[in-house]
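For reference, my_file.txt is printed below; it contains compact mmCIF, C-alpha atoms.
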# COMPACT_ATOMS: atom_id res chain seq x y z
CA MET A 264 -61.84 205.02 -206.31
CA LYS A 265 -61.14 203.27 -203.12
CA ARG A 266 -64.77 203.35 -202.37
CA THR A 267 -65.80 201.69 -205.61
CA ARG A 268 -63.14 199.08 -205.27
CA SER A 269 -64.33 198.14 -201.78
CA ASP A 270 -67.95 198.22 -202.99
CA SER A 271 -67.16 195.92 -205.88
CA THR A 272 -65.21 193.61 -203.58
CA ASN A 273 -68.16 193.50 -201.18
CA LYS A 274 -70.54 192.77 -204.08
CA LEU A 275 -68.33 189.90 -205.26
CA GLU A 276 -68.11 188.52 -201.76
CA ARG A 277 -71.90 188.69 -201.36
CA LYS A 278 -72.39 187.04 -204.75
CA THR A 279 -69.95 184.27 -203.83
CA ILE A 280 -71.60 183.78 -200.44
CA GLU A 281 -75.05 183.67 -202.05
CA LYS A 282 -73.85 181.26 -204.72
CA ASN A 283 -72.37 178.95 -202.09
CA ARG A 284 -75.59 179.17 -200.04
CA ARG A 285 -77.70 178.22 -203.06
CA ILE A 286 -75.41 175.29 -203.87
CA ARG A 287 -75.60 174.09 -200.26
CA MET A 288 -79.41 174.44 -200.18
CA LYS A 289 -79.74 172.57 -203.48
CA SER A 290 -77.56 169.78 -202.12
CA LEU A 291 -79.58 169.59 -198.89
CA SER A 292 -82.91 169.56 -200.73
CA PHE A 293 -81.61 166.80 -203.03
CA LYS A 294 -80.53 164.79 -199.98
CA LEU A 295 -83.95 165.32 -198.34
CA VAL A 296 -85.86 164.21 -201.43
CA SER A 297 -83.59 161.20 -201.93
CA ILE A 298 -84.48 159.67 -198.54
CA ILE A 299 -88.24 159.85 -199.16
CA PRO A 300 -89.69 156.65 -200.67
CA ASP A 301 -90.76 156.95 -204.31
CA ARG A 302 -94.20 155.55 -203.52
CA HIS A 303 -94.97 158.66 -201.47
CA PHE A 304 -94.66 161.02 -204.43
CA SER A 305 -97.77 161.64 -206.53
CA GLN A 306 -95.60 161.90 -209.67
CA PRO A 307 -92.05 160.80 -210.44
CA LYS A 308 -89.52 163.03 -208.68
CA GLU A 309 -88.00 164.14 -211.96
CA PHE A 310 -91.27 165.77 -213.10
CA LEU A 311 -91.75 167.79 -209.91
CA SER A 312 -90.24 171.20 -209.30
CA GLN A 313 -87.88 171.61 -206.38
CA GLN A 314 -90.60 173.43 -204.41
CA ASP A 315 -93.09 170.59 -205.08
CA GLN A 316 -90.49 168.04 -203.98
CA ILE A 317 -89.96 169.93 -200.73
CA ASP A 318 -93.73 170.16 -200.19
CA GLU A 319 -94.05 166.39 -200.72
CA ALA A 320 -91.20 165.85 -198.24
CA ALA A 321 -92.90 168.07 -195.67
CA ALA A 322 -96.16 166.12 -196.12
CA TYR A 323 -94.29 162.84 -195.68
CA ILE A 324 -92.62 164.12 -192.50
CA LYS A 325 -96.03 165.17 -191.16
CA ILE A 326 -97.42 161.65 -191.86
CA LEU A 327 -94.45 160.07 -190.05
CA THR A 328 -94.88 162.41 -187.09
CA GLU A 329 -98.57 161.49 -186.77
CA ARG A 330 -97.68 157.81 -187.02
CA ILE A 331 -95.06 158.14 -184.26
CA GLU A 332 -97.57 159.94 -182.03
CA ALA A 333 -100.17 157.21 -182.63
CA LEU A 334 -97.65 154.49 -181.84
CA ASN A 335 -96.58 156.29 -178.65
CA ARG A 336 -100.24 156.58 -177.58
CA ARG A 337 -100.74 152.87 -178.29
CA LYS A 338 -97.59 151.99 -176.34
CA ALA A 339 -98.76 154.05 -173.34
CA GLN A 340 -102.18 152.43 -173.58
CA LEU A 341 -100.67 148.94 -173.60
CA ILE A 342 -98.43 149.77 -170.66
CA ASN A 343 -101.38 151.14 -168.67
CA HIS A 344 -103.62 148.18 -169.52
CA GLY A 345 -100.92 145.60 -168.87
CA THR A 346 -101.08 146.02 -165.11
CA LYS A 347 -99.05 143.85 -162.82
CA THR A 348 -102.06 141.75 -161.79
CA ASP A 349 -102.79 140.94 -165.44
CA TYR A 350 -99.16 139.93 -165.89
CA VAL A 351 -99.16 137.73 -162.79
CA ALA A 352 -102.44 136.14 -163.84
CA ARG A 353 -101.02 135.31 -167.27
CA THR A 354 -97.78 133.85 -165.91
CA SER A 355 -99.35 131.96 -163.04
CA SER A 356 -101.65 130.07 -165.40
CA LYS A 357 -98.82 127.59 -166.00
CA PRO A 358 -98.92 124.70 -163.55
CA PRO A 359 -95.78 124.26 -161.45
CA ILE A 360 -93.28 121.63 -162.58
CA LEU A 361 -91.77 119.37 -159.91
CA THR A 362 -88.74 117.11 -160.21
CA VAL A 363 -87.43 115.05 -157.30
CA ARG A 364 -84.19 113.07 -157.78
CA GLU A 365 -82.09 110.94 -155.52
CA LEU A 366 -78.40 111.83 -155.58
CA GLY A 367 -76.52 109.15 -153.65
CA HIS A 368 -77.17 110.04 -150.01
CA GLY A 369 -79.00 113.20 -150.98
CA VAL A 370 -82.15 114.47 -152.61
CA GLU A 371 -82.60 117.26 -155.13
CA VAL A 372 -85.99 118.93 -155.47
CA VAL A 373 -86.48 121.30 -158.42
CA LEU A 374 -89.73 123.24 -158.51
CA ILE A 375 -90.48 125.60 -161.40
CA SER A 376 -93.46 127.92 -160.96
CA GLY A 377 -94.89 131.18 -162.25
CA LEU A 378 -94.15 134.53 -160.65
CA SER A 379 -97.06 134.18 -158.25
CA LYS A 380 -96.16 130.84 -156.78
CA ASN A 381 -99.08 129.01 -155.23
CA PHE A 382 -97.24 127.34 -152.37
CA LEU A 383 -95.08 128.22 -149.41
CA LEU A 384 -91.46 127.18 -149.62
CA SER A 385 -91.52 126.48 -145.89
CA GLN A 386 -94.16 123.78 -146.50
CA VAL A 387 -91.89 122.10 -149.06
CA ILE A 388 -88.94 122.22 -146.63
CA SER A 389 -91.15 120.80 -143.89
CA ILE A 390 -92.16 117.84 -146.09
CA ILE A 391 -88.54 117.08 -146.99
CA GLU A 392 -87.52 117.14 -143.32
CA GLN A 393 -90.48 114.99 -142.28
CA GLU A 394 -89.30 112.39 -144.80
CA ALA A 395 -85.94 111.99 -142.97
CA ALA A 396 -83.81 114.44 -144.95
CA GLN A 397 -82.16 117.68 -143.91
CA VAL A 398 -82.25 120.65 -146.31
CA LEU A 399 -78.72 121.93 -146.89
CA THR A 400 -79.11 124.55 -149.63
CA ILE A 401 -81.90 126.42 -151.34
CA ASN A 402 -81.38 128.31 -154.59
CA VAL A 403 -84.10 130.55 -156.01
CA SER A 404 -83.67 131.98 -159.53
CA ARG A 405 -85.91 133.94 -161.83
CA VAL A 406 -85.76 133.10 -165.53
CA GLY A 407 -88.17 135.08 -167.68
CA ASP A 408 -91.62 134.67 -166.16
CA SER A 409 -90.69 131.59 -164.10
CA ILE A 410 -89.14 131.07 -160.69
CA ILE A 411 -86.90 128.04 -160.20
CA HIS A 412 -86.54 126.68 -156.65
CA THR A 413 -83.75 124.16 -156.20
CA LEU A 414 -83.46 122.44 -152.83
CA HIS A 415 -80.62 120.09 -151.92
CA ALA A 416 -81.12 117.84 -148.93
CA GLN A 417 -79.04 115.14 -147.26
CA VAL A 418 -80.50 111.92 -145.91
CA LYS A 419 -80.39 111.95 -142.08
CA ILE A 420 -80.06 108.18 -141.68
CA CYS A 421 -78.22 106.56 -144.61
CA ARG A 422 -79.41 103.01 -143.81
CA VAL A 423 -83.07 104.02 -143.94
CA GLY A 424 -82.86 106.25 -147.02
CA VAL A 425 -85.61 108.47 -148.41
CA ASP A 426 -88.78 107.61 -150.34
CA ILE A 427 -88.60 110.01 -153.29
CA SER A 428 -92.05 109.12 -154.59
CA ARG A 429 -93.60 109.98 -151.20
CA ILE A 430 -91.84 113.37 -151.15
CA SER A 431 -93.02 114.04 -154.69
CA ASP A 432 -96.63 113.06 -153.91
CA ARG A 433 -96.80 115.20 -150.77
CA ILE A 434 -95.38 118.27 -152.55
CA HIS A 435 -97.85 117.75 -155.41
CA GLU A 436 -100.67 117.70 -152.82
CA ILE A 437 -99.56 121.05 -151.42
CA ILE A 438 -99.28 122.60 -154.86
CA SER A 439 -102.64 121.32 -156.08
CA SER A 440 -104.44 122.35 -152.89
CA ASN A 441 -103.20 125.93 -153.31
CA LEU A 442 -104.10 126.30 -157.01

Would you mind writing the file out in structure tokens?
Amino acid sequence: MKRTRSDSTNKLERKTIEKNRRIRMKSLSFKLVSIIPDRHFSQPKEFLSQQDQIDEAAAYIKILTERIEALNRRKAQLINHGTKTDYVARTSSKPPILTVRELGHGVEVVLISGLSKNFLLSQVISIIEQEAAQVLTINVSRVGDSIIHTLHAQVKICRVGVDISRISDRIHEIISSNL
């Protein structure tokens, strides 16, 4: 008798375990089918058997996997084709922007250029110093695909001053000769 009792207990346990497994699998398959767009199914979900729904879900997953692989190939292709020289050529096509302002006894020169600047900063400093000003600070910043050069200079002789238009013209000459 003990043997039959333990056998029947084991059978009940196995039945309960199997029942719980089936309930869990049904819930998981319902969740899987619910996240697949309706437009992917050949017929309404309600008319398909559970096995057909799972087959449709597997086909949809295969389509998504192929799409991801194609997009990854395209991304790698774009990264390989977008070499650094292409990038520099695209960004350097913008002409540099120059602003020269007088600030009391000082001068501020702001020069915005592409990543491959077409001038030497030392030439700009030389022009400013030749025009009777002494460069005090230079700030260089990168914003996106542009480089911003900001130079602050002080007039050497306050009574004489500085001709801002002459500085601007000479810097423009340097920039245009190097384009």

Query raised in the report: Hey, what's within 10 Å of segment 367-377 of chain A if we count only C-alpha atoms and toss same-chain stuff fewer than 5 positions away? As a VMD selection string, please?
Result: chain A and resid 351 to 362 382 384 387 to 388 391 396 to 422 424 to 427 430 to 431 434 438

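Counting all atoms listed in the file, Asp318 of chain A has the following residues at most 12 Å away, ignoring those fewer than 3 positions along the same chain: Ser292, Leu295, Val296, Ile299, His303, Phe304, Ser305, Lys308, Leu311, Ser312, Gln313, Gln314, Asp315, Ala321, Ala322, Tyr323, Ile324 and Lys325 of chain A.
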
Requested in this report: Work out how far apart atom CA of Ile286 of chain A and atom CA of Leu327 of chain A are and give it in Å to one decimal.
Outcome: 28.0 Å

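Pairwise distance (atom CA of Phe310 of chain A, atom CA of Ile326 of chain A) equals 22.5 Å.
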
Query raised in the report: What does the distance from atom CA of Ile390 of chain A to atom CA of His435 of chain A come to in Å, to one decimal?
Result: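 For atom CA of Ile390 of chain A relative to atom CA of His435 of chain A, the distance reads 10.9 Å.
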
Query raised in the report: Looking at all atoms listed in the file, which of A:Glu394, A:Asp301, A:Glu365, A:Glu281 is the one that sits closest to Ala320 of chain A?
Result: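 The shortest atom-to-atom distance to Ala320 of chain A comes from A:Asp301.
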
Query raised in the report: For Gln393 of chain A, which residue among A:Thr328, A:Arg284, A:Arg429, A:Val363 is the nearest when counting all atoms listed in the file?
Result: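 Of A:Thr328, A:Arg284, A:Arg429, A:Val363, the one nearest Gln393 of chain A is A:Arg429, counting all atoms listed in the file.
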